[in-house]
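Quick notes on the structure that follows.
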Amino acid sequence: MGAVVVTGRGRPPRARVTRMKPRTMFEKIWEAHLVRAASADTPAILYVDLHLIHEVTSPQAFTWLREKNLKVRRPERTVATMDHSTPTTPRGRDGKIAVLDNAAALQIAALEKNCADFGIELHPLGTEGQGIVHVIGPELGLTQPGAIIVCGDSHTSTHGAFGALAFGIGTSEVSHVLATQSLLQQPPKTLAVTVEGTLRPGVTAKDLILAVIARLGIGGGTGYVIEYRGSAIRALSMEERMTVCNMSIEAGARAGMIAPDETTFAYLEGRPRAPQGADWDQAVAAWRSLPSDAGAAFDREEKFDAASLEPMITYGTNPGMGIAIGGPIPAPSNATAEKALAYMGLTGEKQLLGHKIDVVFIGSCTNSRLSDLRAAAGIFKGRKVAEGVRVLVVPGSQAIKKAAEAEGLDRVFREAGADWREAGCSMCIAMNGDQLKPGQYAVSTSNRNFEGRQGAGGRTFLASPVTAAASAITGRVTDARELV
Amino acid sequence: MEKVNLITSRTVVLPVENVDTDQIIPARFLKATSKIGLGQHLFADWRFDAQGKPKADFILNRPEAAGANVLVAGDNFGCGSSREHAPWALHDYGFRAVVSTSIADIFRNNALKNGLIPVVVDGAVHARLLAAPGGSVTISVEDQTLTLADGTRASFPIDPFARFCLLNGLDELDFLLAQEPAIAAFEKRRAG
């Protein structure tokens with residue numbers, strides 16, 4: 001039943017009662033941010049609540065602002081950090097962090113100057129607030145339900161876990177938001193991904209989203225905003241929800257979102273940038289009206305049974321090429337699939353389980369949060385990494401690094417033979433010094449297995465933190481349930 | 001932005017599906033702080049071997065690809081990362097249009113802002129383009145048509161506002177800046 005709007009004074013027995021059309025959460029957020037609705041000739045103009053920027057996709061935008069002699073309209077609505085081209089190697093004896101090369105140094109310096117010149121809050125390398133942009137936003141409480149959040153990064157969809165409309169934009173659009181706090185957008189369609197039931201032990205949020213992407217396909221969500229719904233989604237923690245929403249773009253959907261609930265509010269309450277005191281109560285009351293109304297129509301729905309999901313792993317060169325970890329690699333059905341298997345050095349109809357690996361990467365905006373590190377540490381504890389396997393554990397933020405160290409997780413990783421690093425995107429993007437060598441195989445908790453994504457010629461199997469940790473112990477693709 | 005309307009060119013055919021923006025320009029080339037000159041890194045890992053020598057069998061390294069401005073690729077072109085460096089690299093290399101059966105959302109938006117026309121055609125027209133690499137095509141932004149050498153014409157969708165910007169060389173930022181009163185009114189409404 002939709003919301004009821006009563007107009008007029010007093011208690012009108014037969015007053016004009018208008019039943020509003022039931023709306024999806026997406027529609028509510030979209031409509032609340034319309035500076036101007038779309039017309040036949042122009043897209044909608046949307047107001048942006050929070051703009052996150054990093055060093056890689058922002059420098060050109062600031063150049064254009066300077067060329068046009070423009071200011072940043074709302075500098076307090078933009079927050080910057082450094083993550084993509086920054087190193088994650090431990091600090092030197094001088095306490096400094098050595099940047100990979102001159103180009104990276106210039107890019108980092110450009111962000112520092114741009115933030116200083118335009119009055120933007122920056123969490124630079126080497127400071128407590130630094131981390132992956134999609135990790136620090138939620139951590140600081142900047143990411144809030146009902147907001148429109150954008151960033152020059154496709155994994156901005158992560159923030160949708162809080163019931164925000166969050167999507168990646170290009171650098172031209174970064175300049176639009178800096179200058180006008182607004183964006184021109186055509187309305188997307190809505191896709192309900194409904195997951196009912198209970199995940200079985202050993203099956204994680206990462207497996208859930210890899211299964212969704214495997215069914216939708218890498219382009220299957222193009223043109224849509226996904227709302228993840230159902231009992232299995234409601235049962236997820238905030239960190240797990242972020243893992244799910246993070247990978248929406250891997251099915252082509254620019255945004256993925258989950259209705260805010262008590263789990264959301266409990267996560268946000270008391271965070272430094274969340275509303276405080278009476279403002280908090282007011283905010284929560286407003287957030288409670290965000291979930292899609294009963295009977296709201298989605299353009300499309302896909303249903304999943306949580307209990308039937310298995311731990312997942314990818315075998316190909318896009319995140320849609322995923323299988324249950326014990327299953328066979330599908331026989332290639334066309335030239336593109338053949339090209340993918342050739343690149344991966346794999347054969348169709350064979351098992352991936354037991355395949356030898358060289359590297360394990362635990363990190364990225366998908367799986368670098370404290371619960372991910374705890375899950376991996378649970379596997380590493382009392383065990384040793386297989387000989388010849390390089391393992392990188394990279395916390396998503398300096399705050400996570402500190403929290404993990406307070407629990408002694410760093411010791412667990414080190415004693416097992418893994419590298420414990422500084423916060424950053426690290427081996428997910430291979431532009432900061434952390435990367436695969438040509439031909440190497442890696443089990444990675446990141447989000448993309450594209451050719452060369454983790455280093456030219458490198459070959460990536462995407463999986464959950466427990467699958468990655470278990471594979472590190474055996475040196476082969478391993479179902480963590482067999483280890484426990 | 002320069003005005004864009006008619007593009008007449010031979011095609012370059014890259015019959016690969018799901019070409020992601022990491023292939024169009026690998027991340028290690030994203031450390032630039034300008035958009036100029038990125039064409040040299042276009043499809044870097046497909047174009048060059050580990051020593052930086054051109055791979056003879058890659059289509060862009062073949063003589064027939066020289067001077068062609070229209071890239072025909074497989075389904076779901078431009079998926080993955082939001083890097084605008086991808087359309088910058090394609091445009092800098094000389095491409096003015098990309099033709100596929102579908103094009104990823106963020107890439108399409110980025111392309112339109114840089115004078116690179118995303119042209120989505122149906123499977124039948126696409127199959128004809130794939131079967132005739134190097135064939136001549138004419139793309140009209142004004143008419144929203146792609147015309148094959150034999151005169152067959154296919155229409156393609158394009159956002160009316162993006163089309164207007166392309167035809168008139170208008171920068172979307174200038175349009176948004178002109179909306180300042182509406183933006184200010186929205187901010188006032190919300191604060192109140």
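As shown in the structure tokens, the chain order sets the letters A, B, ...; within each chain, residues go from 1, and ligands are also counted from 1 in the order they appear.
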
Could you list, as a ChimeraX atom specification, every residue within 10 Å of stretch 68-74 of chain B, counting only C-alpha atoms and ignoring same-chain residues fewer than 6 positions away?
/A:336 /B:7-19,60,90-91,93-103,116-119,126-127,129-130,133-139

Suppose we keep C-alpha atoms; can you now write the selection as a compact mmCIF listing (two decimals), in the first residue's frame?
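Once written, result-v7.txt looks like this:
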```
# COMPACT_ATOMS: atom_id res chain seq x y z
CA THR A 336 35.12 -14.31 -27.26
CA ILE B 7 31.40 11.02 -40.35
CA THR B 8 32.33 9.13 -43.51
CA SER B 9 35.02 6.53 -43.12
CA ARG B 10 36.15 2.99 -43.65
CA THR B 11 35.58 0.74 -40.65
CA VAL B 12 38.01 -1.08 -38.42
CA VAL B 13 36.47 -4.29 -37.12
CA LEU B 14 37.37 -5.66 -33.67
CA PRO B 15 35.08 -8.68 -33.33
CA VAL B 16 35.47 -9.06 -29.58
CA GLU B 17 32.58 -8.86 -27.10
CA ASN B 18 32.73 -7.02 -23.77
CA VAL B 19 35.73 -4.87 -24.63
CA LEU B 60 45.11 -1.49 -35.59
CA LEU B 90 40.02 6.52 -28.87
CA HIS B 91 39.41 10.10 -30.01
CA TYR B 93 43.97 8.02 -31.90
CA GLY B 94 41.54 9.23 -34.56
CA PHE B 95 38.29 7.41 -33.94
CA ARG B 96 35.11 9.46 -34.20
CA ALA B 97 32.50 6.72 -33.72
CA VAL B 98 32.18 3.31 -32.09
CA VAL B 99 29.56 0.88 -33.45
CA SER B 100 28.25 -2.08 -31.47
CA THR B 101 25.05 -3.88 -30.53
CA SER B 102 25.27 -2.36 -27.05
CA ILE B 103 27.51 0.13 -25.30
CA LEU B 116 33.01 10.25 -30.01
CA ILE B 117 29.67 8.93 -31.30
CA PRO B 118 28.34 5.73 -29.68
CA VAL B 119 26.30 4.01 -32.39
CA HIS B 126 26.07 -5.43 -36.95
CA ALA B 127 26.60 -8.80 -38.63
CA LEU B 129 29.49 -4.65 -40.60
CA LEU B 130 31.48 -7.49 -39.03
CA PRO B 133 35.78 -4.98 -42.47
CA GLY B 134 37.13 -1.85 -44.12
CA GLY B 135 33.79 -1.10 -45.75
CA SER B 136 32.77 2.51 -46.02
CA VAL B 137 30.04 3.88 -43.77
CA THR B 138 28.49 7.29 -43.23
CA ILE B 139 27.18 8.28 -39.83
```

Contacts of stretch 140-153 of chain A at 7 Å (only C-alpha atoms; same-chain gap of 2+ positions) as a ChimeraX atom specification:
/A:29,48-53,57,136-138,155-156,159,162-171,174,260,268,271-274,287,290 /B:81-82

Which residues of chain B have any atom within 8 Å of an atom in chain A when counting only C-alpha atoms, and what is the closest pair of atoms for each, with the distance in Å to one decimal? Order the rows by chain and rising number and write it as a Markdown table.
```
| residue | atom | partner | partner_atom | distance |
| --- | --- | --- | --- | --- |
| B:Val16 | CA | A:Thr336 | CA | 5.8 |
| B:Glu17 | CA | A:Thr336 | CA | 6.0 |
| B:Asn18 | CA | A:Ile218 | CA | 7.6 |
| B:Asp20 | CA | A:Phe450 | CA | 7.4 |
| B:Asp22 | CA | A:Arg453 | CA | 6.6 |
| B:Gln23 | CA | A:Glu451 | CA | 7.2 |
| B:Pro26 | CA | A:Arg453 | CA | 7.4 |
| B:Ala27 | CA | A:Met431 | CA | 5.8 |
| B:Arg28 | CA | A:Met431 | CA | 4.7 |
| B:Leu30 | CA | A:Val56 | CA | 6.5 |
| B:Lys31 | CA | A:Ala103 | CA | 5.7 |
| B:Ala32 | CA | A:Ala103 | CA | 6.8 |
| B:Thr33 | CA | A:Pro59 | CA | 5.3 |
| B:Ser34 | CA | A:Gln60 | CA | 5.6 |
| B:Lys35 | CA | A:Gln60 | CA | 7.0 |
| B:Asp45 | CA | A:Ala456 | CA | 7.0 |
| B:Asn76 | CA | A:Gly219 | CA | 6.0 |
| B:Cys79 | CA | A:Gly252 | CA | 6.8 |
| B:Gly80 | CA | A:Glu250 | CA | 6.5 |
| B:Ser81 | CA | A:Ser154 | CA | 5.4 |
| B:Ser82 | CA | A:Ser154 | CA | 5.0 |
| B:Arg83 | CA | A:Gly170 | CA | 6.1 |
| B:Glu84 | CA | A:Gly170 | CA | 5.2 |
| B:Ala104 | CA | A:Thr222 | CA | 6.3 |
| B:Asp105 | CA | A:Thr222 | CA | 6.4 |
| B:Ile106 | CA | A:Ile169 | CA | 6.6 |
| B:Asn109 | CA | A:Gly170 | CA | 7.9 |
| B:Asn110 | CA | A:Gly170 | CA | 5.9 |
| B:Lys113 | CA | A:Ser172 | CA | 7.2 |
| B:Pro160 | CA | A:Asp41 | CA | 5.8 |
| B:Phe161 | CA | A:Thr42 | CA | 5.2 |
| B:Leu173 | CA | A:His176 | CA | 5.7 |
| B:Leu176 | CA | A:Thr180 | CA | 6.9 |
| B:Leu177 | CA | A:Thr180 | CA | 6.4 |
| B:Glu180 | CA | A:Thr180 | CA | 7.4 |
| B:Ala182 | CA | A:Val35 | CA | 6.3 |
| B:Ile183 | CA | A:Val35 | CA | 5.9 |
| B:Phe186 | CA | A:Val35 | CA | 5.7 |
```

Using only C-alpha atoms, which residues sit within 10 Å of A:Thr263 once same-chain residues fewer than 5 positions away are excluded, as a PyMOL selection string?
chain A and resi 162+234-238+268

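One finds atom CA of A:Val412 at 27.5 Å from atom CA of A:Met82.
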
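Distances from A:Ile362, A:Ala463, A:Ala161, A:Ala340 to A:Glu240 were compared using only C-alpha atoms, and the smallest one belongs to A:Ala161.
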
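Our summary of the geometry notes that atom CA of A:Thr478 is positioned 5.9 Å from atom CA of A:Leu353.
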
Tell me which protein, DNA and RNA residues are within 10 Å of A:Arg481, counting only C-alpha atoms, leaving out same-chain ones fewer than 4 positions away, and put them as a PyMOL selection string.
chain A and resi 201-203+311+466-467+470

Write to file, as a short mmCIF file (atom, residue, chain, number, x, y, z; two decimals), in the first residue's frame, the residues of the selection just made, with all heavy atoms.
```
data_model
loop_
_atom_site.label_atom_id
_atom_site.label_comp_id
_atom_site.auth_asym_id
_atom_site.auth_seq_id
_atom_site.Cartn_x
_atom_site.Cartn_y
_atom_site.Cartn_z
N PRO A 201 26.52 -22.21 5.40
CA PRO A 201 27.83 -21.93 5.99
C PRO A 201 28.92 -22.01 4.92
O PRO A 201 28.89 -22.91 4.07
CB PRO A 201 28.00 -23.03 7.04
CG PRO A 201 26.62 -23.50 7.34
CD PRO A 201 25.81 -23.32 6.09
N GLY A 202 29.83 -21.06 4.95
CA GLY A 202 30.92 -21.06 3.97
C GLY A 202 30.59 -20.31 2.70
O GLY A 202 31.45 -20.16 1.83
N VAL A 203 29.34 -19.85 2.58
CA VAL A 203 28.95 -19.06 1.40
C VAL A 203 28.82 -17.61 1.86
O VAL A 203 28.11 -17.31 2.81
CB VAL A 203 27.63 -19.56 0.79
CG1 VAL A 203 27.27 -18.75 -0.44
CG2 VAL A 203 27.73 -21.04 0.46
N PRO A 311 30.01 -21.38 -2.89
CA PRO A 311 31.15 -20.47 -3.06
C PRO A 311 31.47 -20.36 -4.55
O PRO A 311 31.44 -21.37 -5.27
CB PRO A 311 32.28 -21.18 -2.31
CG PRO A 311 31.59 -22.05 -1.32
CD PRO A 311 30.32 -22.51 -2.00
N VAL A 466 37.69 -15.86 2.15
CA VAL A 466 38.02 -17.20 2.69
C VAL A 466 38.55 -18.13 1.61
O VAL A 466 39.48 -18.91 1.85
CB VAL A 466 36.83 -17.86 3.46
CG1 VAL A 466 36.61 -17.18 4.79
CG2 VAL A 466 35.57 -17.92 2.65
N THR A 467 37.99 -18.02 0.40
CA THR A 467 38.53 -18.82 -0.71
C THR A 467 39.96 -18.40 -1.00
O THR A 467 40.84 -19.25 -1.23
CB THR A 467 37.65 -18.66 -1.97
OG1 THR A 467 36.33 -19.09 -1.66
CG2 THR A 467 38.19 -19.46 -3.14
N ALA A 470 42.25 -19.69 1.84
CA ALA A 470 42.43 -21.14 1.76
C ALA A 470 43.34 -21.52 0.59
O ALA A 470 44.18 -22.42 0.70
CB ALA A 470 41.07 -21.83 1.62
#
```

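Those residues in stretch 75-163 of chain B carrying a DSSP assignment of strand (DSSP E), computed from the backbone, are Ala97, Val98, Val99, Ser100, Ile117, Pro118, Val119, Val120, Ser136, Val137, Thr138, Ile139, Ser140, Thr145, Leu146, Thr147, Leu148, Arg153, Ala154 and Ser155 of chain B.
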
Among stretch 115-183 of chain B, which ones does DSSP assign to helix (DSSP H, G or I) (computed from the backbone)? Answer as a VMD selection string.
chain B and resid 123 to 131 160 to 168 172 to 177 180 to 183

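The smallest atom-to-atom distance between B:Ala149 and any of B:Ile25, B:Leu166, B:Ala132, B:Ala86, using only C-alpha atoms, is found for B:Ala132.
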
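Taking atom CA of B:Lys55 and atom CA of B:His41 as endpoints, the distance between them is 13.7 Å.
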
With only C-alpha atoms as the counted atoms, please give the residues lying no more than 7 Å from A:Lys356, apart from itself and same-chain residues fewer than 2 positions off, as a PyMOL selection string.
chain A and resi 354+475-477
